[in-house]
>>> print(open('run_20.txt').read())   # compact mmCIF, C-alpha atoms
# COMPACT_ATOMS: atom_id res chain seq x y z
CA MET A 1236 -8.79 52.21 28.49
CA THR A 1237 -8.89 49.54 31.21
CA ASP A 1238 -7.13 46.21 30.89
CA LYS A 1239 -10.52 44.50 30.76
CA ALA A 1240 -11.74 46.71 27.91
CA ALA A 1241 -8.55 46.12 25.93
CA ARG A 1242 -8.95 42.34 25.86
CA ALA A 1243 -10.51 40.37 23.03
CA THR A 1244 -10.92 36.71 22.16
CA ARG A 1245 -10.96 35.43 18.58
CA SER A 1246 -9.98 31.76 18.74
CA GLN A 1247 -12.44 28.90 18.52
CA PRO A 1248 -13.53 27.34 21.85
CA ARG A 1249 -10.69 25.04 22.81
CA SER A 1250 -12.96 22.29 24.08
CA TRP A 1251 -14.53 21.77 20.64
CA VAL A 1252 -11.18 21.91 18.82
CA ASP A 1253 -9.57 19.56 21.36
CA ASN A 1254 -12.33 17.05 20.81
CA ALA A 1255 -12.13 17.43 17.02
CA VAL A 1256 -8.39 16.66 17.05
CA ARG A 1257 -9.07 13.72 19.38
CA LEU A 1258 -11.68 12.32 16.98
CA ILE A 1259 -9.26 12.47 14.04
CA GLU A 1260 -6.40 10.95 16.04
CA ALA A 1261 -8.69 8.20 17.35
CA ASP A 1262 -9.80 7.46 13.80
CA ALA A 1263 -6.16 7.12 12.73
CA ARG A 1264 -5.37 4.77 15.61
CA ARG A 1265 -8.25 2.50 14.63
CA SER A 1266 -6.64 2.09 11.21
CA ALA A 1267 -3.63 -0.12 10.55
CA ASP A 1268 -0.90 1.14 8.23
CA THR A 1269 -1.37 0.46 4.53
CA HIS A 1270 0.32 -2.60 3.05
CA LEU A 1271 3.55 -2.64 1.04
CA LEU A 1272 3.05 -5.30 -1.63
CA ARG A 1273 5.73 -7.03 -3.68
CA TYR A 1274 4.85 -6.90 -7.36
CA PRO A 1275 5.38 -10.30 -9.01
CA LEU A 1276 8.22 -9.60 -11.42
CA PRO A 1277 9.46 -12.43 -13.69
CA THR A 1278 12.86 -13.72 -12.57
CA ALA A 1279 13.98 -15.45 -15.76
CA TRP A 1280 15.12 -12.27 -17.52
CA CYS A 1281 17.04 -10.82 -14.57
CA ASP A 1282 20.07 -13.06 -15.24
CA GLY A 1283 21.68 -12.59 -11.85
CA VAL A 1284 20.39 -9.05 -11.27
CA ASP A 1285 18.14 -8.84 -8.21
CA VAL A 1286 15.45 -6.20 -8.70
CA GLN A 1287 12.26 -5.79 -6.69
CA LEU A 1288 9.18 -3.64 -7.20
CA TYR A 1289 6.93 -2.66 -4.29
CA LEU A 1290 3.47 -1.09 -4.30
CA LYS A 1291 2.37 1.01 -1.32
CA ASP A 1292 -1.32 0.06 -1.29
CA GLU A 1293 -3.22 3.21 -0.32
CA THR A 1294 -6.58 1.71 -1.29
CA THR A 1295 -6.87 0.16 2.17
CA HIS A 1296 -7.66 3.53 3.78
CA ILE A 1297 -11.28 3.73 4.89
CA THR A 1298 -12.09 6.18 2.06
CA GLY A 1299 -10.17 4.07 -0.45
CA SER A 1300 -7.30 6.23 -1.67
CA LEU A 1301 -4.01 8.01 -1.03
CA LYS A 1302 -6.00 11.23 -0.48
CA HIS A 1303 -7.17 9.98 2.93
CA ARG A 1304 -3.73 10.94 4.30
CA LEU A 1305 -3.96 14.40 2.74
CA ALA A 1306 -7.49 15.03 4.00
CA ARG A 1307 -6.50 14.07 7.55
CA SER A 1308 -3.50 16.39 7.43
CA LEU A 1309 -5.49 19.29 5.99
CA PHE A 1310 -8.15 19.04 8.69
CA LEU A 1311 -5.57 18.85 11.50
CA TYR A 1312 -3.69 21.79 9.97
CA ALA A 1313 -6.84 23.90 9.80
CA LEU A 1314 -8.01 22.92 13.28
CA CYS A 1315 -4.67 23.69 14.90
CA ASN A 1316 -4.47 27.01 13.05
CA GLY A 1317 -7.89 27.97 14.41
CA TRP A 1318 -9.57 28.01 11.00
CA ILE A 1319 -12.23 25.37 11.65
CA GLY A 1320 -14.58 25.51 14.62
CA GLU A 1321 -17.94 24.14 15.57
CA GLY A 1322 -20.37 24.63 12.68
CA THR A 1323 -17.73 25.93 10.23
CA THR A 1324 -18.60 25.11 6.63
CA VAL A 1325 -15.57 23.40 5.07
CA ILE A 1326 -15.02 23.87 1.33
CA GLU A 1327 -12.66 22.30 -1.18
CA ALA A 1328 -11.97 22.60 -4.90
CA SER A 1329 -12.09 18.94 -5.90
CA SER A 1330 -14.18 16.51 -7.91
CA GLY A 1331 -12.20 13.42 -6.97
CA SER A 1332 -10.75 11.33 -4.22
CA THR A 1333 -9.67 14.31 -2.10
CA ALA A 1334 -13.27 15.48 -1.78
CA VAL A 1335 -14.42 11.95 -0.88
CA SER A 1336 -11.91 11.77 1.97
CA GLU A 1337 -12.53 15.34 3.15
CA ALA A 1338 -16.29 14.70 3.24
CA TYR A 1339 -15.57 11.74 5.51
CA PHE A 1340 -13.60 13.84 8.00
CA ALA A 1341 -16.16 16.64 7.92
CA ALA A 1342 -18.87 14.12 8.81
CA LEU A 1343 -16.66 12.76 11.60
CA LEU A 1344 -16.47 16.25 13.11
CA GLY A 1345 -20.11 17.12 12.37
CA VAL A 1346 -19.38 20.13 10.13
CA PRO A 1347 -20.85 20.85 6.67
CA PHE A 1348 -18.70 20.08 3.62
CA ILE A 1349 -19.01 21.46 0.07
CA ALA A 1350 -16.95 20.20 -2.87
CA VAL A 1351 -16.64 22.67 -5.77
CA MET A 1352 -16.33 20.86 -9.09
CA PRO A 1353 -16.97 21.14 -12.83
CA SER A 1354 -20.48 20.30 -13.98
CA SER A 1355 -18.94 17.57 -16.17
CA THR A 1356 -17.95 15.50 -13.13
CA SER A 1357 -19.14 11.90 -13.43
CA ALA A 1358 -22.24 10.79 -11.56
CA SER A 1359 -20.25 8.05 -9.82
CA LYS A 1360 -17.82 10.58 -8.29
CA ILE A 1361 -20.67 12.82 -7.17
CA ALA A 1362 -22.33 9.80 -5.55
CA LEU A 1363 -19.13 8.89 -3.68
CA ILE A 1364 -18.81 12.40 -2.23
CA GLU A 1365 -22.47 12.53 -1.29
CA SER A 1366 -22.29 9.07 0.30
CA GLN A 1367 -19.80 10.55 2.79
CA GLY A 1368 -22.20 13.40 3.62
CA GLY A 1369 -20.70 16.04 1.32
CA ARG A 1370 -22.57 18.47 -0.93
CA CYS A 1371 -21.47 19.14 -4.52
CA HIS A 1372 -21.41 22.67 -5.97
CA PHE A 1373 -20.91 22.96 -9.73
CA VAL A 1374 -19.13 25.42 -12.00
CA ALA A 1375 -19.06 25.53 -15.81
CA GLU A 1376 -15.25 25.28 -16.28
CA ALA A 1377 -12.55 23.48 -14.30
CA SER A 1378 -10.51 26.69 -14.08
CA GLN A 1379 -13.30 28.33 -12.06
CA VAL A 1380 -13.12 25.98 -9.05
CA TYR A 1381 -10.48 27.96 -7.15
CA ALA A 1382 -12.22 31.32 -7.20
CA GLU A 1383 -15.63 29.79 -6.56
CA ALA A 1384 -14.34 27.89 -3.52
CA GLU A 1385 -12.90 31.13 -2.13
CA ARG A 1386 -16.20 32.94 -2.81
CA LEU A 1387 -18.24 30.27 -1.04
CA ALA A 1388 -15.92 30.37 1.97
CA GLU A 1389 -16.39 34.13 2.23
CA GLU A 1390 -20.15 33.92 1.68
CA THR A 1391 -20.68 31.21 4.33
CA GLY A 1392 -18.02 32.38 6.78
CA GLY A 1393 -16.46 28.98 6.21
CA HIS A 1394 -12.96 27.69 5.52
CA TYR A 1395 -11.46 26.79 2.12
CA LEU A 1396 -9.06 23.89 2.76
CA ASP A 1397 -7.16 24.65 -0.51
CA GLN A 1398 -5.40 21.35 -1.04
CA PHE A 1399 -3.30 22.78 -3.87
CA THR A 1400 -1.65 25.36 -1.61
CA ASN A 1401 -1.63 23.58 1.74
CA ALA A 1402 -0.77 19.98 0.81
CA GLU A 1403 2.97 20.46 1.31
CA ARG A 1404 2.48 22.59 4.43
CA ALA A 1405 0.00 20.40 6.27
CA THR A 1406 2.04 17.19 6.33
CA ASP A 1407 4.85 16.67 8.82
CA TRP A 1408 7.53 15.65 6.32
CA ARG A 1409 10.13 14.80 9.00
CA GLY A 1410 8.14 11.78 10.15
CA ASN A 1411 5.09 11.22 12.36
CA ASN A 1412 4.16 8.15 10.28
CA ASN A 1413 3.87 10.04 7.02
CA ILE A 1414 3.87 7.97 3.84
CA ALA A 1415 7.65 8.27 3.35
CA GLU A 1416 8.52 7.14 6.87
CA SER A 1417 6.06 4.27 6.51
CA ILE A 1418 7.65 3.07 3.26
CA PHE A 1419 11.17 2.98 4.67
CA GLU A 1420 10.03 1.30 7.89
CA GLN A 1421 8.23 -1.42 5.94
CA LEU A 1422 11.29 -1.98 3.73
CA ARG A 1423 13.65 -2.40 6.69
CA GLU A 1424 13.97 -6.22 6.48
CA GLU A 1425 13.95 -6.44 2.68
CA ALA A 1426 16.97 -7.33 0.58
CA HIS A 1427 17.22 -3.72 -0.65
CA PRO A 1428 15.82 -1.59 2.20
CA ILE A 1429 16.93 1.72 0.66
CA PRO A 1430 15.20 1.84 -2.73
CA GLU A 1431 16.92 3.15 -5.81
CA TRP A 1432 13.79 5.05 -6.78
CA ILE A 1433 10.42 6.07 -5.42
CA VAL A 1434 7.95 6.88 -8.19
CA VAL A 1435 4.86 9.06 -7.66
CA GLY A 1436 2.53 11.25 -9.65
CA ALA A 1437 1.68 14.85 -8.76
CA GLY A 1438 -1.82 16.21 -8.28
CA THR A 1439 -1.32 18.80 -5.60
CA GLY A 1440 2.40 18.05 -5.36
CA GLY A 1441 2.08 17.32 -1.65
CA THR A 1442 3.08 13.64 -1.76
CA SER A 1443 6.19 14.26 -3.85
CA ALA A 1444 7.13 17.17 -1.56
CA THR A 1445 6.78 14.98 1.55
CA ILE A 1446 8.78 12.08 0.10
CA GLY A 1447 11.48 14.31 -1.43
CA ARG A 1448 12.00 16.23 1.80
CA PHE A 1449 12.05 13.05 3.91
CA ILE A 1450 14.70 11.45 1.68
CA ARG A 1451 16.95 14.46 2.13
CA TYR A 1452 16.24 14.77 5.85
CA ARG A 1453 17.24 11.13 6.43
CA ARG A 1454 20.16 11.43 3.97
CA TYR A 1455 19.07 8.42 1.92
CA ALA A 1456 20.54 7.75 -1.53
CA THR A 1457 17.03 7.12 -2.90
CA ARG A 1458 15.99 9.26 -5.85
CA LEU A 1459 12.49 10.59 -6.46
CA CYS A 1460 10.87 10.30 -9.88
CA VAL A 1461 7.63 12.16 -10.60
CA VAL A 1462 5.52 10.85 -13.48
CA ASP A 1463 3.23 13.32 -15.22
CA PRO A 1464 0.31 12.77 -17.64
CA GLU A 1465 -0.39 14.64 -20.85
CA ASN A 1466 -1.70 18.24 -20.63
CA SER A 1467 -0.12 18.78 -17.20
CA ALA A 1468 1.92 21.88 -16.39
CA PHE A 1469 4.24 20.16 -13.92
CA PHE A 1470 6.68 18.58 -16.40
CA PRO A 1471 7.23 21.62 -18.64
CA ALA A 1472 7.60 23.78 -15.55
CA TYR A 1473 10.21 21.37 -14.17
CA ALA A 1474 12.09 21.14 -17.48
CA GLN A 1475 12.09 24.91 -18.06
CA GLY A 1476 12.65 25.97 -14.45
CA ARG A 1477 9.47 28.07 -14.45
CA ARG A 1478 6.38 28.26 -12.25
CA ASP A 1479 4.18 30.27 -14.61
CA VAL A 1480 3.44 27.45 -17.08
CA VAL A 1481 -0.26 27.07 -17.90
CA THR A 1482 -1.52 24.42 -20.32
CA GLY A 1483 -5.17 25.47 -20.41
CA ARG A 1484 -6.21 21.81 -20.55
CA SER A 1485 -7.23 19.37 -17.86
CA SER A 1486 -5.57 16.00 -17.35
CA ARG A 1487 -7.45 12.93 -18.54
CA ILE A 1488 -5.86 10.85 -15.77
CA GLU A 1489 -7.90 11.13 -12.60
CA GLY A 1490 -6.00 12.42 -9.55
CA ILE A 1491 -2.78 13.65 -11.17
CA GLY A 1492 -1.67 16.40 -13.52
CA ARG A 1493 -2.79 20.03 -13.36
CA PRO A 1494 -3.30 22.81 -15.96
CA ARG A 1495 -1.20 25.14 -13.78
CA VAL A 1496 1.75 24.68 -11.42
CA GLU A 1497 0.21 24.31 -7.97
CA PRO A 1498 1.91 26.01 -4.98
CA SER A 1499 2.50 22.65 -3.25
CA PHE A 1500 4.62 21.28 -6.10
CA LEU A 1501 8.30 21.60 -5.10
CA PRO A 1502 10.48 20.84 -8.15
CA ASP A 1503 13.75 21.19 -6.23
CA VAL A 1504 13.12 17.96 -4.28
CA VAL A 1505 12.43 15.98 -7.48
CA ASP A 1506 15.37 14.16 -9.10
CA HIS A 1507 13.73 13.12 -12.37
CA MET A 1508 10.45 13.60 -14.24
CA VAL A 1509 8.84 11.52 -16.97
CA VAL A 1510 5.84 12.31 -19.16
CA VAL A 1511 3.59 9.27 -19.52
CA PRO A 1512 1.15 9.15 -22.46
CA ASP A 1513 -2.43 8.86 -21.25
CA ALA A 1514 -2.98 5.71 -23.29
CA ALA A 1515 0.06 4.20 -21.55
CA SER A 1516 -1.44 5.00 -18.14
CA VAL A 1517 -4.63 3.18 -19.14
CA ALA A 1518 -2.73 0.24 -20.63
CA ALA A 1519 -0.65 -0.14 -17.46
CA ALA A 1520 -3.71 0.13 -15.19
CA GLN A 1521 -5.46 -2.62 -17.15
CA HIS A 1522 -2.32 -4.78 -17.31
CA VAL A 1523 -1.51 -4.50 -13.62
CA SER A 1524 -5.16 -5.15 -12.75
CA ARG A 1525 -4.90 -8.50 -14.53
CA VAL A 1526 -1.61 -9.35 -12.81
CA LEU A 1527 -2.88 -8.47 -9.32
CA GLY A 1528 -6.37 -9.86 -9.84
CA ARG A 1529 -7.95 -6.56 -8.78
CA ARG A 1530 -8.61 -3.28 -10.53
CA VAL A 1531 -6.25 -0.36 -9.96
CA GLY A 1532 -6.85 3.28 -10.86
CA PRO A 1533 -5.34 5.17 -13.81
CA SER A 1534 -2.83 7.16 -11.74
CA THR A 1535 -1.48 3.82 -10.51
CA GLY A 1536 -1.04 2.92 -14.16
CA THR A 1537 0.98 6.12 -14.65
CA ASN A 1538 3.12 5.21 -11.64
CA LEU A 1539 3.74 1.67 -12.89
CA TRP A 1540 4.64 2.81 -16.40
CA GLY A 1541 7.34 5.02 -14.90
CA ALA A 1542 8.50 2.32 -12.48
CA PHE A 1543 8.79 -0.33 -15.22
CA GLY A 1544 10.99 1.99 -17.26
CA LEU A 1545 13.35 2.56 -14.32
CA LEU A 1546 13.49 -1.16 -13.55
CA ALA A 1547 14.41 -1.87 -17.17
CA GLU A 1548 17.28 0.63 -16.90
CA MET A 1549 18.52 -1.11 -13.74
CA ILE A 1550 18.38 -4.48 -15.47
CA ALA A 1551 20.21 -3.15 -18.54
CA ASP A 1552 22.90 -1.67 -16.27
CA ARG A 1553 23.03 -4.91 -14.24
CA ARG A 1554 22.28 -2.93 -11.09
CA SER A 1555 20.41 -4.70 -8.30
CA GLY A 1556 18.00 -2.79 -6.09
CA SER A 1557 14.39 -1.92 -5.44
CA VAL A 1558 11.79 0.54 -6.74
CA VAL A 1559 8.70 1.67 -4.82
CA THR A 1560 5.57 3.25 -6.20
CA LEU A 1561 1.99 3.85 -5.07
CA LEU A 1562 -1.24 2.00 -5.63
CA ALA A 1563 -3.14 5.23 -5.28
CA ASP A 1564 -6.78 4.18 -5.56
CA SER A 1565 -8.99 1.31 -6.60
CA GLY A 1566 -9.93 0.80 -10.22
CA ASP A 1567 -13.45 -0.14 -9.15
CA ARG A 1568 -14.18 3.60 -9.14
CA TYR A 1569 -13.50 3.66 -12.87
CA ALA A 1570 -15.53 0.71 -14.16
CA ASP A 1571 -17.53 3.03 -16.43
CA THR A 1572 -14.53 5.06 -17.64
CA TYR A 1573 -10.96 3.69 -17.92
CA PHE A 1574 -12.19 0.09 -17.97
CA CYS A 1575 -14.96 0.81 -20.49
CA ASP A 1576 -14.05 0.52 -24.20
CA GLU A 1577 -16.82 2.91 -25.28
CA TRP A 1578 -15.67 5.60 -22.87
CA LEU A 1579 -12.03 5.22 -23.95
CA THR A 1580 -12.97 5.54 -27.61
CA SER A 1581 -15.06 8.64 -26.93
CA HIS A 1582 -12.05 10.24 -25.22
CA GLY A 1583 -9.56 9.29 -27.94
CA LEU A 1584 -7.70 6.75 -25.83
CA ASP A 1585 -6.48 3.50 -27.40
CA PRO A 1586 -4.25 1.48 -25.02
CA SER A 1587 -3.88 -1.55 -27.32
CA ALA A 1588 -0.49 -0.73 -28.89
CA LEU A 1589 1.06 0.27 -25.57
CA ALA A 1590 -0.28 -2.88 -23.94
CA GLU A 1591 2.14 -4.76 -26.18
CA VAL A 1592 5.04 -2.81 -24.63
CA LEU A 1593 4.05 -4.16 -21.22
CA VAL A 1594 3.83 -7.73 -22.49
CA GLU A 1595 7.31 -7.41 -23.98
CA PHE A 1596 8.66 -5.92 -20.74
CA GLU A 1597 7.43 -8.91 -18.73
CA ARG A 1598 8.85 -11.27 -21.34
CA SER A 1599 12.30 -9.74 -21.68
CA GLY A 1600 12.82 -6.97 -19.09
CA ARG A 1601 13.44 -4.52 -21.94
CA TRP A 1602 11.83 -1.11 -22.36
CA PRO A 1603 11.46 0.88 -25.61
>>> encode(input="run_20.txt", output="structure tokens")
Amino acid sequence: MTDKAARATRSQPRSWVDNAVRLIEADARRSADTHLLRYPLPTAWCDGVDVQLYLKDETTHITGSLKHRLARSLFLYALCNGWIGEGTTVIEASSGSTAVSEAYFAALLGVPFIAVMPSSTSASKIALIESQGGRCHFVAEASQVYAEAERLAEETGGHYLDQFTNAERATDWRGNNNIAESIFEQLREEAHPIPEWIVVGAGTGGTSATIGRFIRYRRYATRLCVVDPENSAFFPAYAQGRRDVVTGRSSRIEGIGRPRVEPSFLPDVVDHMVVVPDAASVAAAQHVSRVLGRRVGPSTGTNLWGAFGLLAEMIADRRSGSVVTLLADSGDRYADTYFCDEWLTSHGLDPSALAEVLVEFERSGRWP
């Protein structure tokens, strides 16, 4: 066999991939970093204890949520691994913000995008994905999205982004302006630049993995708390030290919680976990929306419920410091769900009693 006959080429044409990476990097450079907002905590009940709460406002991304970072990372990861080329159909198992952001990047590169989702997905979410140029493909049950996404990728010769496996792999957790590096850089001139806690939810597990790794890499004393909604497998898996936990039920809080432990969830970088009742997530989202004068999403409510509890512990212990959490997405996406009394009633969610807990916290700094 001659040398010429023994050669083969499999990779995508470099010129197209080079330009695709350039387009994504150019898009990132046109965007300023997201804001770090100080939450207006009452000072009267601190009694000499200086505590601060900060919200990393991820709604200012062009696609409106924290998932914009993930989508960018997943596309760069796939491009640089040679998995996406010109004309490749890109597929994801998602009915939420991840699919919205991924549809945006697919349109930027001029490749088709299909989001695999349950047929019960709300019309407003479908419209958001389609407004970015994506196509929605429906399955009967939420548990079927993984296998169907893989099947479609094989059938079309496309690429399944698989956020639940690749979220923790695709992000450069050592830095490169990831969300953790951004938080600490923005805190540099604050009174407490190294926060006591960072509080996040887990959907894929990628954000908690990035932040937990970064904290250890930089040797910060900050601890990471992951808040988890009802019906999610992450908390029982963490508490029991198992990865085979399956709840068989979907989370009612959009964007976080999973019925199985996703590969990107890394429990060993998490210092503490808290289960937040779904009604508490809704109560906190509605409460914080009134305080900020803008609607925030339900996963932000979950984050704030966890953050308020940690702040109350710091106040009780007379320990000054700061806590950071994420404003993950805008509540405007949920006008007909979490901010609609009829929808809440139909889903068995009554935030009224837990809303009183939040009022008492702002009055006294105490937590039940």
>>> residues_around(input="run_20.txt", residues="stretch 1253-1266 of chain A", least_positions_apart="3", cutoff="7 Å", atoms="only C-alpha atoms", output="number ranges by chain")
A: 1249-1250, 1311, 1344
>>> atom_distance(input="run_20.txt", atom1="atom CA of A:Gly1436", atom2="atom CA of A:Val1510")
10.1 Å
>>> closest_residue(input="run_20.txt", among="A:Met1352, A:Ala1377, A:Cys1575, A:Cys1460", to="A:Ser1485", atoms="only C-alpha atoms")
A:Ala1377
>>> atom_distance(input="run_20.txt", atom1="atom CA of A:Ala1384", atom2="atom CA of A:Val1351")
6.1 Å
>>> residues_around(input="run_20.txt", residues="A:Val1531", least_positions_apart="3", cutoff="9 Å", atoms="only C-alpha atoms", output="mmCIF file with C-alpha atoms, keeping the file's coordinate frame")
data_model
loop_
_atom_site.group_PDB
_atom_site.id
_atom_site.type_symbol
_atom_site.label_atom_id
_atom_site.label_comp_id
_atom_site.auth_asym_id
_atom_site.auth_seq_id
_atom_site.Cartn_x
_atom_site.Cartn_y
_atom_site.Cartn_z
ATOM 1 C CA THR A 1294 -6.580 1.710 -1.290
ATOM 2 C CA ALA A 1520 -3.710 0.130 -15.190
ATOM 3 C CA GLN A 1521 -5.460 -2.620 -17.150
ATOM 4 C CA VAL A 1523 -1.510 -4.500 -13.620
ATOM 5 C CA SER A 1524 -5.160 -5.150 -12.750
ATOM 6 C CA LEU A 1527 -2.880 -8.470 -9.320
ATOM 7 C CA SER A 1534 -2.830 7.160 -11.740
ATOM 8 C CA THR A 1535 -1.480 3.820 -10.510
ATOM 9 C CA GLY A 1536 -1.040 2.920 -14.160
ATOM 10 C CA LEU A 1562 -1.240 2.000 -5.630
ATOM 11 C CA ALA A 1563 -3.140 5.230 -5.280
ATOM 12 C CA ASP A 1564 -6.780 4.180 -5.560
ATOM 13 C CA SER A 1565 -8.990 1.310 -6.600
ATOM 14 C CA GLY A 1566 -9.930 0.800 -10.220
ATOM 15 C CA ASP A 1567 -13.450 -0.140 -9.150
ATOM 16 C CA ARG A 1568 -14.180 3.600 -9.140
ATOM 17 C CA TYR A 1569 -13.500 3.660 -12.870
#
>>> residues_around(input="run_20.txt", residues="stretch 1397-1408 of chain A", least_positions_apart="2", cutoff="8 Å", atoms="all atoms listed in the file", output="PyMOL selection string")
chain A and resi 1305+1308-1309+1311-1312+1327-1328+1395+1410-1411+1413+1415+1439-1442+1444-1446+1448-1449+1497-1500
>>> build_atoms(input="run_20.txt", residues="stretch 1496-1519 of chain A", atoms="N, CA and C atoms", output="PDB file, in the coordinates of the input")
ATOM      1  N   VAL A1496       0.813  25.181 -12.427  1.00  0.00           N
ATOM      2  CA  VAL A1496       1.750  24.680 -11.420  1.00  0.00           C
ATOM      3  C   VAL A1496       1.199  25.052 -10.050  1.00  0.00           C
ATOM      4  N   GLU A1497       0.803  24.049  -9.277  1.00  0.00           N
ATOM      5  CA  GLU A1497       0.210  24.310  -7.970  1.00  0.00           C
ATOM      6  C   GLU A1497       1.286  24.706  -6.952  1.00  0.00           C
ATOM      7  N   PRO A1498       0.924  25.543  -5.969  1.00  0.00           N
ATOM      8  CA  PRO A1498       1.910  26.010  -4.980  1.00  0.00           C
ATOM      9  C   PRO A1498       2.595  24.885  -4.209  1.00  0.00           C
ATOM     10  N   SER A1499       1.920  23.736  -4.030  1.00  0.00           N
ATOM     11  CA  SER A1499       2.500  22.650  -3.250  1.00  0.00           C
ATOM     12  C   SER A1499       3.525  21.817  -4.014  1.00  0.00           C
ATOM     13  N   PHE A1500       3.636  22.025  -5.319  1.00  0.00           N
ATOM     14  CA  PHE A1500       4.620  21.280  -6.100  1.00  0.00           C
ATOM     15  C   PHE A1500       5.997  21.908  -5.909  1.00  0.00           C
ATOM     16  N   LEU A1501       6.944  21.118  -5.396  1.00  0.00           N
ATOM     17  CA  LEU A1501       8.300  21.600  -5.100  1.00  0.00           C
ATOM     18  C   LEU A1501       9.292  20.911  -6.029  1.00  0.00           C
ATOM     19  N   PRO A1502       9.614  21.504  -7.174  1.00  0.00           N
ATOM     20  CA  PRO A1502      10.480  20.840  -8.150  1.00  0.00           C
ATOM     21  C   PRO A1502      11.889  20.565  -7.638  1.00  0.00           C
ATOM     22  N   ASP A1503      12.369  21.340  -6.686  1.00  0.00           N
ATOM     23  CA  ASP A1503      13.750  21.190  -6.230  1.00  0.00           C
ATOM     24  C   ASP A1503      13.983  19.921  -5.410  1.00  0.00           C
ATOM     25  N   VAL A1504      12.920  19.228  -4.998  1.00  0.00           N
ATOM     26  CA  VAL A1504      13.120  17.960  -4.280  1.00  0.00           C
ATOM     27  C   VAL A1504      12.890  16.769  -5.201  1.00  0.00           C
ATOM     28  N   VAL A1505      12.654  17.034  -6.486  1.00  0.00           N
ATOM     29  CA  VAL A1505      12.430  15.980  -7.480  1.00  0.00           C
ATOM     30  C   VAL A1505      13.717  15.751  -8.259  1.00  0.00           C
ATOM     31  N   ASP A1506      14.131  14.490  -8.402  1.00  0.00           N
ATOM     32  CA  ASP A1506      15.370  14.160  -9.100  1.00  0.00           C
ATOM     33  C   ASP A1506      15.169  13.927 -10.594  1.00  0.00           C
ATOM     34  N   HIS A1507      13.955  13.505 -10.971  1.00  0.00           N
ATOM     35  CA  HIS A1507      13.730  13.120 -12.370  1.00  0.00           C
ATOM     36  C   HIS A1507      12.227  13.187 -12.632  1.00  0.00           C
ATOM     37  N   MET A1508      11.856  13.616 -13.841  1.00  0.00           N
ATOM     38  CA  MET A1508      10.450  13.600 -14.240  1.00  0.00           C
ATOM     39  C   MET A1508      10.287  12.917 -15.581  1.00  0.00           C
ATOM     40  N   VAL A1509       9.153  12.249 -15.744  1.00  0.00           N
ATOM     41  CA  VAL A1509       8.840  11.520 -16.970  1.00  0.00           C
ATOM     42  C   VAL A1509       7.411  11.839 -17.363  1.00  0.00           C
ATOM     43  N   VAL A1510       7.202  12.159 -18.645  1.00  0.00           N
ATOM     44  CA  VAL A1510       5.840  12.310 -19.160  1.00  0.00           C
ATOM     45  C   VAL A1510       5.348  10.945 -19.638  1.00  0.00           C
ATOM     46  N   VAL A1511       4.181  10.553 -19.155  1.00  0.00           N
ATOM     47  CA  VAL A1511       3.590   9.270 -19.520  1.00  0.00           C
ATOM     48  C   VAL A1511       2.370   9.532 -20.400  1.00  0.00           C
ATOM     49  N   PRO A1512       2.339   8.984 -21.617  1.00  0.00           N
ATOM     50  CA  PRO A1512       1.150   9.150 -22.460  1.00  0.00           C
ATOM     51  C   PRO A1512      -0.094   8.625 -21.746  1.00  0.00           C
ATOM     52  N   ASP A1513      -1.213   9.287 -21.935  1.00  0.00           N
ATOM     53  CA  ASP A1513      -2.430   8.860 -21.250  1.00  0.00           C
ATOM     54  C   ASP A1513      -2.834   7.442 -21.620  1.00  0.00           C
ATOM     55  N   ALA A1514      -2.648   7.076 -22.881  1.00  0.00           N
ATOM     56  CA  ALA A1514      -2.980   5.710 -23.290  1.00  0.00           C
ATOM     57  C   ALA A1514      -2.086   4.696 -22.586  1.00  0.00           C
ATOM     58  N   ALA A1515      -0.838   5.088 -22.279  1.00  0.00           N
ATOM     59  CA  ALA A1515       0.060   4.200 -21.550  1.00  0.00           C
ATOM     60  C   ALA A1515      -0.401   4.026 -20.108  1.00  0.00           C
ATOM     61  N   SER A1516      -0.913   5.099 -19.494  1.00  0.00           N
ATOM     62  CA  SER A1516      -1.440   5.000 -18.140  1.00  0.00           C
ATOM     63  C   SER A1516      -2.599   4.014 -18.088  1.00  0.00           C
ATOM     64  N   VAL A1517      -3.482   4.085 -19.082  1.00  0.00           N
ATOM     65  CA  VAL A1517      -4.630   3.180 -19.140  1.00  0.00           C
ATOM     66  C   VAL A1517      -4.167   1.744 -19.381  1.00  0.00           C
ATOM     67  N   ALA A1518      -3.239   1.587 -20.326  1.00  0.00           N
ATOM     68  CA  ALA A1518      -2.730   0.240 -20.630  1.00  0.00           C
ATOM     69  C   ALA A1518      -2.097  -0.387 -19.391  1.00  0.00           C
ATOM     70  N   ALA A1519      -1.310   0.392 -18.650  1.00  0.00           N
ATOM     71  CA  ALA A1519      -0.650  -0.140 -17.460  1.00  0.00           C
ATOM     72  C   ALA A1519      -1.662  -0.451 -16.361  1.00  0.00           C
TER      73      ALA A1519
END
